[in-house]
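The block underneath contains the structure these notes are about, expressed in C-alpha coordinates.
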Amino acid sequence: MTRPFRTTRRAVLAAAALAAPARAQDAWPSRPVTITVPWAPGGSTDILARTLAEPLRTALGQPVVVENRSGASGNIGSAAVARAAPDGHALLFATMSTHAMNAALMKDMPFDGVEDFTAIALLAFVLNTMVVHPSVPARTVPEFIAHLKANPGKLSYASAGPGSTNHLCAAMFCRMAGVEMVHVPYRGGAPAVLDTVAGQVQLFFSAGTQTLPHVRDGRLRLLAVTEATRSALLPEVPTVAESLPGYAMAVWYGVLGPRGMPPAVVARLNAEINRALLLPEVKGKMAAIGVEVAPETPADFAARMRADAAKWSQVIRELGVTAGDA
(Lines give C-alpha, C1' and ligand atoms only; values in the text may rest on other atoms or scores of the structure.)
Protein backbone atom coordinates (compact mmCIF):
# COMPACT_ATOMS: atom_id res chain seq x y z
CA MET A 1 0.00 0.00 0.00
CA THR A 2 2.95 2.34 0.46
CA ARG A 3 4.29 1.95 -3.11
CA PRO A 4 1.56 4.03 -4.82
CA PHE A 5 2.09 6.76 -2.23
CA ARG A 6 5.85 6.84 -2.87
CA THR A 7 5.34 6.93 -6.61
CA THR A 8 2.82 9.74 -6.35
CA ARG A 9 5.01 11.73 -3.99
CA ARG A 10 8.02 11.25 -6.25
CA ALA A 11 6.02 12.42 -9.24
CA VAL A 12 4.81 15.50 -7.36
CA LEU A 13 8.33 16.40 -6.32
CA ALA A 14 9.61 15.93 -9.87
CA ALA A 15 6.84 18.09 -11.27
CA ALA A 16 7.56 20.77 -8.71
CA ALA A 17 11.26 20.71 -9.61
CA LEU A 18 10.45 21.14 -13.28
CA ALA A 19 7.98 23.90 -12.59
CA ALA A 20 10.31 25.94 -10.40
CA PRO A 21 12.51 27.27 -13.23
CA ALA A 22 9.43 27.99 -15.31
CA ARG A 23 7.88 30.00 -12.46
CA ALA A 24 11.15 31.87 -12.00
CA GLN A 25 11.23 32.75 -15.71
CA ASP A 26 7.54 33.70 -15.72
CA ALA A 27 8.25 36.10 -12.87
CA TRP A 28 11.03 37.86 -14.77
CA PRO A 29 11.76 40.66 -14.28
CA SER A 30 11.26 40.58 -10.56
CA ARG A 31 13.30 43.73 -9.85
CA PRO A 32 14.84 46.65 -11.77
CA VAL A 33 16.80 45.81 -14.91
CA THR A 34 20.18 47.52 -15.32
CA ILE A 35 21.65 48.28 -18.74
CA THR A 36 25.37 48.94 -18.43
CA VAL A 37 26.85 51.32 -21.00
CA PRO A 38 30.63 50.78 -20.95
CA TRP A 39 31.29 54.32 -22.20
CA ALA A 40 30.98 57.83 -20.77
CA PRO A 41 27.62 59.65 -20.74
CA GLY A 42 26.58 61.80 -23.67
CA GLY A 43 27.80 59.72 -26.61
CA SER A 44 25.62 57.96 -29.18
CA THR A 45 25.78 54.70 -27.21
CA ASP A 46 24.47 56.43 -24.12
CA ILE A 47 21.75 58.27 -26.06
CA LEU A 48 20.50 55.08 -27.69
CA ALA A 49 20.48 53.17 -24.39
CA ARG A 50 18.44 55.88 -22.67
CA THR A 51 16.07 56.15 -25.63
CA LEU A 52 15.32 52.42 -25.35
CA ALA A 53 15.05 52.41 -21.57
CA GLU A 54 11.64 54.11 -21.43
CA PRO A 55 9.70 51.80 -23.81
CA LEU A 56 11.37 48.80 -22.16
CA ARG A 57 10.28 50.02 -18.73
CA THR A 58 6.70 50.22 -19.95
CA ALA A 59 6.85 46.77 -21.58
CA LEU A 60 8.56 44.99 -18.68
CA GLY A 61 6.74 46.66 -15.80
CA GLN A 62 9.97 47.31 -13.91
CA PRO A 63 12.41 50.24 -13.78
CA VAL A 64 15.14 50.05 -16.46
CA VAL A 65 18.26 51.81 -15.21
CA VAL A 66 21.10 52.93 -17.49
CA GLU A 67 24.45 52.82 -15.73
CA ASN A 68 27.66 54.21 -17.27
CA ARG A 69 30.83 52.26 -16.38
CA SER A 70 33.52 53.52 -18.73
CA GLY A 71 37.20 52.72 -19.01
CA ALA A 72 39.69 50.41 -20.74
CA SER A 73 38.05 50.84 -24.17
CA GLY A 74 34.75 49.46 -22.92
CA ASN A 75 36.26 46.50 -21.06
CA ILE A 76 35.45 47.58 -17.50
CA GLY A 77 31.69 47.77 -17.90
CA SER A 78 31.60 44.72 -20.18
CA ALA A 79 33.56 42.62 -17.69
CA ALA A 80 31.15 43.59 -14.90
CA VAL A 81 28.19 42.25 -16.89
CA ALA A 82 30.09 39.09 -17.87
CA ARG A 83 30.46 38.34 -14.14
CA ALA A 84 26.82 39.10 -13.28
CA ALA A 85 24.11 36.52 -12.60
CA PRO A 86 22.57 35.38 -15.92
CA ASP A 87 19.02 36.00 -14.79
CA GLY A 88 18.11 38.81 -17.16
CA HIS A 89 18.45 41.68 -14.70
CA ALA A 90 21.96 42.72 -15.82
CA LEU A 91 22.31 43.67 -19.48
CA LEU A 92 25.09 45.25 -21.52
CA PHE A 93 24.87 47.84 -24.24
CA ALA A 94 27.58 46.36 -26.46
CA THR A 95 29.59 47.82 -29.31
CA MET A 96 31.41 46.04 -32.11
CA SER A 97 34.80 47.36 -31.01
CA THR A 98 34.54 45.83 -27.54
CA HIS A 99 33.34 42.41 -28.66
CA ALA A 100 34.88 41.93 -32.10
CA MET A 101 38.12 43.94 -31.94
CA ASN A 102 39.51 44.37 -28.43
CA ALA A 103 40.64 40.76 -28.11
CA ALA A 104 42.89 41.18 -31.16
CA LEU A 105 44.18 44.57 -30.01
CA MET A 106 44.80 44.01 -26.30
CA LYS A 107 46.60 41.56 -24.08
CA ASP A 108 45.07 40.08 -20.92
CA MET A 109 41.42 40.61 -21.84
CA PRO A 110 39.13 40.14 -18.79
CA PHE A 111 36.51 38.28 -20.88
CA ASP A 112 35.88 36.57 -24.20
CA GLY A 113 33.75 38.99 -26.19
CA VAL A 114 31.73 36.19 -27.78
CA GLU A 115 31.82 33.16 -25.51
CA ASP A 116 31.22 34.93 -22.18
CA PHE A 117 27.98 36.61 -23.28
CA THR A 118 24.46 35.80 -24.44
CA ALA A 119 23.46 37.56 -27.66
CA ILE A 120 20.05 39.18 -27.15
CA ALA A 121 19.39 41.78 -29.83
CA LEU A 122 21.16 43.75 -32.52
CA LEU A 123 20.09 47.36 -32.14
CA ALA A 124 21.49 49.54 -34.88
CA PHE A 125 24.32 50.45 -37.20
CA VAL A 126 26.14 53.74 -36.76
CA LEU A 127 26.51 55.82 -39.90
CA ASN A 128 30.31 55.86 -40.30
CA THR A 129 31.81 58.54 -42.54
CA MET A 130 35.01 59.37 -44.40
CA VAL A 131 35.66 63.13 -44.31
CA VAL A 132 38.51 65.37 -45.40
CA HIS A 133 39.45 68.97 -44.73
CA PRO A 134 38.18 71.31 -47.51
CA SER A 135 41.78 72.24 -48.37
CA VAL A 136 42.21 68.75 -49.84
CA PRO A 137 41.73 69.03 -53.65
CA ALA A 138 39.50 65.95 -53.90
CA ARG A 139 35.74 65.50 -53.97
CA THR A 140 35.63 61.74 -54.48
CA VAL A 141 37.47 58.74 -53.11
CA PRO A 142 39.31 58.05 -56.40
CA GLU A 143 40.43 61.70 -56.56
CA PHE A 144 41.64 61.50 -52.96
CA ILE A 145 43.60 58.31 -53.67
CA ALA A 146 45.22 59.96 -56.69
CA HIS A 147 46.15 62.97 -54.54
CA LEU A 148 47.70 60.72 -51.89
CA LYS A 149 49.73 58.81 -54.48
CA ALA A 150 51.06 62.09 -55.82
CA ASN A 151 52.01 63.16 -52.27
CA PRO A 152 53.18 60.01 -50.44
CA GLY A 153 53.48 60.45 -46.68
CA LYS A 154 52.65 64.16 -46.79
CA LEU A 155 49.08 63.95 -45.49
CA SER A 156 47.86 62.70 -42.12
CA TYR A 157 44.77 61.08 -40.65
CA ALA A 158 43.31 61.44 -37.18
CA SER A 159 42.01 58.77 -34.82
CA ALA A 160 40.45 58.66 -31.36
CA GLY A 161 43.44 56.60 -30.24
CA PRO A 162 45.60 53.66 -31.28
CA GLY A 163 43.48 50.64 -32.16
CA SER A 164 40.24 52.65 -32.37
CA THR A 165 37.77 52.06 -35.18
CA ASN A 166 38.94 55.38 -36.69
CA HIS A 167 42.49 54.03 -36.74
CA LEU A 168 41.46 50.71 -38.26
CA CYS A 169 39.30 52.38 -40.91
CA ALA A 170 42.18 54.57 -42.07
CA ALA A 171 44.86 51.88 -41.82
CA MET A 172 42.71 49.50 -43.87
CA PHE A 173 42.00 52.25 -46.40
CA CYS A 174 45.70 53.03 -46.84
CA ARG A 175 46.59 49.37 -47.24
CA MET A 176 43.88 48.63 -49.77
CA ALA A 177 44.48 51.84 -51.74
CA GLY A 178 48.26 51.43 -51.68
CA VAL A 179 48.89 54.89 -50.23
CA GLU A 180 50.97 56.34 -47.39
CA MET A 181 49.63 58.62 -44.65
CA VAL A 182 50.79 59.64 -41.17
CA HIS A 183 48.67 58.45 -38.24
CA VAL A 184 47.95 61.12 -35.61
CA PRO A 185 46.21 59.55 -32.57
CA TYR A 186 44.24 61.68 -30.11
CA ARG A 187 42.69 61.06 -26.73
CA GLY A 188 39.16 60.64 -28.02
CA GLY A 189 37.10 61.56 -31.03
CA ALA A 190 36.29 65.16 -30.02
CA PRO A 191 39.85 66.55 -30.29
CA ALA A 192 40.43 64.45 -33.42
CA VAL A 193 37.50 65.97 -35.29
CA LEU A 194 38.38 69.48 -34.09
CA ASP A 195 41.92 69.20 -35.47
CA THR A 196 40.54 67.86 -38.75
CA VAL A 197 38.22 70.87 -38.93
CA ALA A 198 41.23 73.11 -38.19
CA GLY A 199 43.25 71.47 -40.98
CA GLN A 200 45.94 70.08 -38.67
CA VAL A 201 45.13 66.66 -40.15
CA GLN A 202 43.46 66.01 -43.46
CA LEU A 203 41.43 62.79 -43.07
CA PHE A 204 39.13 61.40 -40.39
CA PHE A 205 36.90 58.33 -40.38
CA SER A 206 34.21 58.70 -37.74
CA ALA A 207 30.54 58.40 -36.84
CA GLY A 208 28.26 60.88 -38.52
CA THR A 209 27.29 62.21 -35.11
CA GLN A 210 30.75 63.80 -34.93
CA THR A 211 31.30 64.76 -38.57
CA LEU A 212 27.98 65.66 -40.24
CA PRO A 213 27.39 68.97 -38.37
CA HIS A 214 30.78 70.15 -39.70
CA VAL A 215 29.94 68.85 -43.18
CA ARG A 216 26.72 70.85 -43.18
CA ASP A 217 28.67 73.96 -42.13
CA GLY A 218 31.21 73.46 -44.94
CA ARG A 219 34.10 72.85 -42.56
CA LEU A 220 34.56 69.23 -43.64
CA ARG A 221 33.94 67.47 -46.94
CA LEU A 222 32.13 64.13 -46.95
CA LEU A 223 33.60 61.68 -49.45
CA ALA A 224 31.94 58.38 -48.54
CA VAL A 225 30.43 56.09 -45.92
CA THR A 226 32.24 52.96 -44.78
CA GLU A 227 29.43 50.39 -44.76
CA ALA A 228 29.29 47.73 -47.50
CA THR A 229 26.12 49.28 -48.95
CA ARG A 230 24.81 52.83 -49.08
CA SER A 231 22.99 54.07 -46.02
CA ALA A 232 19.27 54.79 -46.09
CA LEU A 233 20.10 57.93 -44.10
CA LEU A 234 22.39 59.29 -46.87
CA PRO A 235 21.48 57.33 -50.00
CA GLU A 236 23.22 59.82 -52.32
CA VAL A 237 26.62 59.32 -50.66
CA PRO A 238 28.79 56.54 -52.14
CA THR A 239 30.53 53.85 -50.13
CA VAL A 240 34.30 53.46 -49.94
CA ALA A 241 33.76 49.98 -51.38
CA GLU A 242 32.52 51.49 -54.66
CA SER A 243 36.12 52.59 -55.20
CA LEU A 244 37.89 49.90 -53.15
CA PRO A 245 35.93 46.63 -53.55
CA GLY A 246 35.85 44.63 -50.33
CA TYR A 247 36.32 47.60 -48.01
CA ALA A 248 33.74 47.63 -45.22
CA MET A 249 33.44 48.87 -41.66
CA ALA A 250 29.92 48.53 -40.28
CA VAL A 251 29.83 49.61 -36.65
CA TRP A 252 26.96 48.04 -34.71
CA TYR A 253 25.40 48.36 -31.28
CA GLY A 254 23.64 45.49 -29.54
CA VAL A 255 22.32 44.18 -26.24
CA LEU A 256 24.08 41.29 -24.52
CA GLY A 257 23.71 39.48 -21.22
CA PRO A 258 25.95 37.14 -19.23
CA ARG A 259 26.49 33.67 -20.66
CA GLY A 260 23.78 31.15 -19.77
CA MET A 261 20.65 33.31 -19.72
CA PRO A 262 17.29 31.45 -19.86
CA PRO A 263 16.10 31.16 -23.49
CA ALA A 264 12.61 32.37 -22.56
CA VAL A 265 14.02 35.58 -21.07
CA VAL A 266 16.25 36.12 -24.12
CA ALA A 267 13.28 35.62 -26.46
CA ARG A 268 11.11 38.10 -24.58
CA LEU A 269 13.86 40.70 -24.39
CA ASN A 270 14.53 40.35 -28.11
CA ALA A 271 10.84 40.78 -28.92
CA GLU A 272 10.42 43.83 -26.68
CA ILE A 273 13.61 45.50 -27.92
CA ASN A 274 12.72 44.89 -31.57
CA ARG A 275 9.25 46.30 -30.95
CA ALA A 276 10.74 49.41 -29.31
CA LEU A 277 13.16 49.96 -32.20
CA LEU A 278 10.26 50.28 -34.62
CA LEU A 279 8.46 52.97 -32.61
CA PRO A 280 8.38 56.20 -34.66
CA GLU A 281 9.81 58.26 -31.81
CA VAL A 282 12.72 55.85 -31.35
CA LYS A 283 13.50 55.66 -35.08
CA GLY A 284 13.33 59.44 -35.28
CA LYS A 285 15.78 59.97 -32.44
CA MET A 286 18.13 57.39 -33.93
CA ALA A 287 18.08 58.96 -37.39
CA ALA A 288 18.79 62.36 -35.81
CA ILE A 289 22.10 61.08 -34.42
CA GLY A 290 23.07 59.10 -37.53
CA VAL A 291 22.03 55.68 -36.26
CA GLU A 292 20.03 53.24 -38.39
CA VAL A 293 17.96 50.72 -36.41
CA ALA A 294 18.41 47.06 -37.40
CA PRO A 295 16.28 44.48 -35.53
CA GLU A 296 17.66 40.94 -35.62
CA THR A 297 17.06 37.57 -33.92
CA PRO A 298 19.37 36.41 -31.10
CA ALA A 299 20.74 33.61 -33.33
CA ASP A 300 21.49 36.00 -36.19
CA PHE A 301 23.12 38.48 -33.83
CA ALA A 302 25.27 35.73 -32.29
CA ALA A 303 26.37 34.63 -35.77
CA ARG A 304 27.21 38.24 -36.66
CA MET A 305 29.35 38.61 -33.53
CA ARG A 306 31.30 35.45 -34.31
CA ALA A 307 31.83 36.44 -37.93
CA ASP A 308 32.98 39.96 -37.04
CA ALA A 309 35.33 38.71 -34.32
CA ALA A 310 36.97 36.35 -36.82
CA LYS A 311 37.12 39.02 -39.55
CA TRP A 312 38.64 41.75 -37.42
CA SER A 313 41.09 39.44 -35.73
CA GLN A 314 42.49 38.65 -39.16
CA VAL A 315 42.41 42.26 -40.38
CA ILE A 316 44.11 43.58 -37.25
CA ARG A 317 46.77 40.88 -37.48
CA GLU A 318 47.42 41.69 -41.15
CA LEU A 319 47.61 45.42 -40.45
CA GLY A 320 49.90 44.86 -37.48
CA VAL A 321 47.84 47.22 -35.32
CA THR A 322 47.72 47.06 -31.52
CA ALA A 323 46.15 49.32 -28.91
CA GLY A 324 49.66 50.46 -28.00
CA ASP A 325 50.51 51.65 -31.49
CA ALA A 326 50.96 55.30 -32.27
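In the C-alpha coordinates, the first chain shown is A, the next is B, and so on; residue numbers restart at 1 for each chain, and ligands run from 1 in the order shown.
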
Determine, counting only C-alpha atoms, which protein, DNA and RNA residues have an atom within 9 Å of an atom of Thr51 (chain A); residues of the same chain fewer than 5 positions away are not included. Present the result as a list in words.
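Here the answer would be Asp46, Val282, Lys285 and Met286 of chain A.
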
For the selection just defined, write its residues with all heavy atoms to a file, as a PDB file, in the first residue's frame.
```
ATOM      1  N   ASP A  46      25.249  56.030 -25.293  1.00  0.00           N
ATOM      2  CA  ASP A  46      24.471  56.429 -24.116  1.00  0.00           C
ATOM      3  C   ASP A  46      23.088  56.937 -24.518  1.00  0.00           C
ATOM      4  O   ASP A  46      22.074  56.602 -23.893  1.00  0.00           O
ATOM      5  CB  ASP A  46      25.243  57.509 -23.360  1.00  0.00           C
ATOM      6  CG  ASP A  46      24.572  57.909 -22.053  1.00  0.00           C
ATOM      7  OD1 ASP A  46      24.389  57.035 -21.190  1.00  0.00           O
ATOM      8  OD2 ASP A  46      24.234  59.095 -21.902  1.00  0.00           O
ATOM      9  N   VAL A 282      11.382  56.424 -31.497  1.00  0.00           N
ATOM     10  CA  VAL A 282      12.719  55.846 -31.352  1.00  0.00           C
ATOM     11  C   VAL A 282      13.480  55.948 -32.673  1.00  0.00           C
ATOM     12  O   VAL A 282      14.644  56.378 -32.708  1.00  0.00           O
ATOM     13  CB  VAL A 282      12.636  54.377 -30.884  1.00  0.00           C
ATOM     14  CG1 VAL A 282      14.022  53.726 -30.893  1.00  0.00           C
ATOM     15  CG2 VAL A 282      12.037  54.309 -29.477  1.00  0.00           C
ATOM     16  N   LYS A 285      14.619  59.570 -33.247  1.00  0.00           N
ATOM     17  CA  LYS A 285      15.780  59.974 -32.440  1.00  0.00           C
ATOM     18  C   LYS A 285      17.061  59.329 -32.961  1.00  0.00           C
ATOM     19  O   LYS A 285      18.129  59.946 -32.967  1.00  0.00           O
ATOM     20  CB  LYS A 285      15.559  59.594 -30.971  1.00  0.00           C
ATOM     21  CG  LYS A 285      14.541  60.462 -30.253  1.00  0.00           C
ATOM     22  CD  LYS A 285      14.411  60.070 -28.806  1.00  0.00           C
ATOM     23  CE  LYS A 285      13.392  60.944 -28.078  1.00  0.00           C
ATOM     24  NZ  LYS A 285      13.246  60.549 -26.662  1.00  0.00           N
ATOM     25  N   MET A 286      16.954  58.065 -33.418  1.00  0.00           N
ATOM     26  CA  MET A 286      18.133  57.387 -33.930  1.00  0.00           C
ATOM     27  C   MET A 286      18.625  58.030 -35.224  1.00  0.00           C
ATOM     28  O   MET A 286      19.820  58.251 -35.405  1.00  0.00           O
ATOM     29  CB  MET A 286      17.816  55.908 -34.176  1.00  0.00           C
ATOM     30  CG  MET A 286      17.473  55.117 -32.925  1.00  0.00           C
ATOM     31  SD  MET A 286      18.725  55.238 -31.634  1.00  0.00           S
ATOM     32  CE  MET A 286      18.053  56.534 -30.594  1.00  0.00           C
TER      33      MET A 286
END
```

Can you tell me, as an MDAnalysis selection string, which residues in region 47-273 of chain A count as alpha helix (DSSP H) by DSSP?
chainID A and resid 47:60 75:82 96 102:105 141:150 165:177 189:198 208:216 263:273

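Among A:Val136, A:Met305, A:Ala276, A:Ala192, the residue with the shortest atom-to-atom distance to Ser164 (chain A), counting only C-alpha atoms, is A:Ala192.
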
When DSSP works through the backbone of this structure, what residues of region 37-196 of chain A end up as strand (DSSP E or B), shown as a short mmCIF file (atom, residue, chain, number, x, y, z; two decimals) with N, CA and C atoms, in the first residue's frame?
```cif
data_model
loop_
_atom_site.label_atom_id
_atom_site.label_comp_id
_atom_site.auth_asym_id
_atom_site.auth_seq_id
_atom_site.Cartn_x
_atom_site.Cartn_y
_atom_site.Cartn_z
N VAL A 37 26.21 50.73 -19.82
CA VAL A 37 26.85 51.32 -21.00
C VAL A 37 28.33 51.47 -20.65
N VAL A 64 13.98 50.41 -15.64
CA VAL A 64 15.14 50.05 -16.46
C VAL A 64 16.16 51.15 -16.27
N VAL A 65 17.25 50.82 -15.61
CA VAL A 65 18.26 51.81 -15.21
C VAL A 65 19.46 51.73 -16.13
N VAL A 66 19.89 52.87 -16.66
CA VAL A 66 21.10 52.93 -17.49
C VAL A 66 22.26 53.37 -16.60
N GLU A 67 23.29 52.55 -16.58
CA GLU A 67 24.45 52.82 -15.73
C GLU A 67 25.70 52.91 -16.58
N ASN A 68 26.42 54.03 -16.52
CA ASN A 68 27.66 54.21 -17.27
C ASN A 68 28.85 53.71 -16.45
N ALA A 90 20.74 41.97 -15.50
CA ALA A 90 21.96 42.72 -15.82
C ALA A 90 22.23 42.57 -17.31
N LEU A 91 22.11 43.68 -18.04
CA LEU A 91 22.31 43.67 -19.48
C LEU A 91 23.44 44.62 -19.85
N LEU A 92 23.97 44.44 -21.05
CA LEU A 92 25.09 45.25 -21.52
C LEU A 92 24.73 45.88 -22.86
N PHE A 93 25.00 47.17 -22.96
CA PHE A 93 24.87 47.84 -24.24
C PHE A 93 26.23 47.67 -24.93
N ALA A 94 26.30 46.76 -25.88
CA ALA A 94 27.58 46.36 -26.46
C ALA A 94 27.88 47.10 -27.75
N THR A 95 29.15 47.24 -28.05
CA THR A 95 29.59 47.82 -29.31
C THR A 95 30.51 46.83 -30.01
N PHE A 117 29.21 35.82 -23.25
CA PHE A 117 27.98 36.61 -23.28
C PHE A 117 26.87 35.88 -24.02
N THR A 118 25.64 36.27 -23.72
CA THR A 118 24.46 35.80 -24.44
C THR A 118 24.01 36.90 -25.40
N ALA A 119 23.94 36.59 -26.68
CA ALA A 119 23.46 37.56 -27.66
C ALA A 119 21.95 37.71 -27.52
N ILE A 120 21.48 38.93 -27.35
CA ILE A 120 20.05 39.18 -27.15
C ILE A 120 19.43 39.89 -28.35
N ALA A 121 20.00 41.03 -28.73
CA ALA A 121 19.39 41.78 -29.83
C ALA A 121 20.41 42.72 -30.47
N LEU A 122 20.46 42.70 -31.79
CA LEU A 122 21.16 43.75 -32.52
C LEU A 122 20.27 44.98 -32.49
N LEU A 123 20.88 46.14 -32.25
CA LEU A 123 20.09 47.36 -32.14
C LEU A 123 20.16 48.22 -33.40
N ALA A 124 21.37 48.55 -33.82
CA ALA A 124 21.49 49.54 -34.88
C ALA A 124 22.90 49.54 -35.44
N PHE A 125 23.01 50.18 -36.60
CA PHE A 125 24.32 50.45 -37.20
C PHE A 125 24.56 51.96 -37.15
N VAL A 126 25.77 52.33 -36.81
CA VAL A 126 26.14 53.74 -36.76
C VAL A 126 26.58 54.17 -38.15
N ASN A 128 28.87 55.60 -40.44
CA ASN A 128 30.31 55.86 -40.30
C ASN A 128 30.82 56.55 -41.57
N THR A 129 31.48 57.68 -41.41
CA THR A 129 31.81 58.54 -42.54
C THR A 129 33.31 58.68 -42.77
N MET A 130 33.64 59.03 -44.02
CA MET A 130 35.01 59.37 -44.40
C MET A 130 34.99 60.84 -44.80
N VAL A 131 35.66 61.69 -44.03
CA VAL A 131 35.66 63.13 -44.31
C VAL A 131 37.08 63.65 -44.45
N VAL A 132 37.22 64.71 -45.23
CA VAL A 132 38.51 65.37 -45.40
C VAL A 132 38.35 66.86 -45.16
N SER A 156 48.04 63.46 -43.36
CA SER A 156 47.86 62.70 -42.12
C SER A 156 46.39 62.40 -41.88
N TYR A 157 46.15 61.39 -41.06
CA TYR A 157 44.77 61.08 -40.65
C TYR A 157 44.69 61.02 -39.14
N ALA A 158 43.53 61.41 -38.62
CA ALA A 158 43.31 61.44 -37.18
C ALA A 158 42.62 60.16 -36.71
N SER A 159 42.78 59.87 -35.44
CA SER A 159 42.01 58.77 -34.82
C SER A 159 41.73 59.15 -33.38
N VAL A 182 50.28 59.61 -42.54
CA VAL A 182 50.79 59.64 -41.17
C VAL A 182 49.62 59.53 -40.20
N HIS A 183 49.71 58.61 -39.24
CA HIS A 183 48.67 58.45 -38.24
C HIS A 183 48.91 59.41 -37.08
N VAL A 184 47.87 60.20 -36.75
CA VAL A 184 47.95 61.12 -35.61
C VAL A 184 46.86 60.72 -34.61
N PRO A 185 47.21 59.98 -33.55
CA PRO A 185 46.21 59.55 -32.57
C PRO A 185 45.93 60.63 -31.54
#
```

For region 217-227 of chain A, list every protein, DNA or RNA residue within 7 Å, evaluated using only C-alpha atoms, and leave out those in the same chain fewer than 2 positions away; present the list as JSON, numbers by chain.
{"A": [128, 129, 130, 131, 132, 133, 134, 139, 140, 141, 197, 213, 214, 215, 229, 230, 237, 238, 239, 240, 248, 249, 250]}

Closest of A:Ser44, A:Gly113, A:Ser73, A:Pro63 to Ala309 (chain A) - atom-to-atom distances counting only C-alpha atoms
A:Gly113

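Here CA of Gly161 (chain A) is placed at a distance of 18.8 Å from CA of Gly42 (chain A).
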
Record the distance separating CA of Phe301 (chain A) and CA of Ala53 (chain A), expressed in Å with one decimal.
20.2 Å
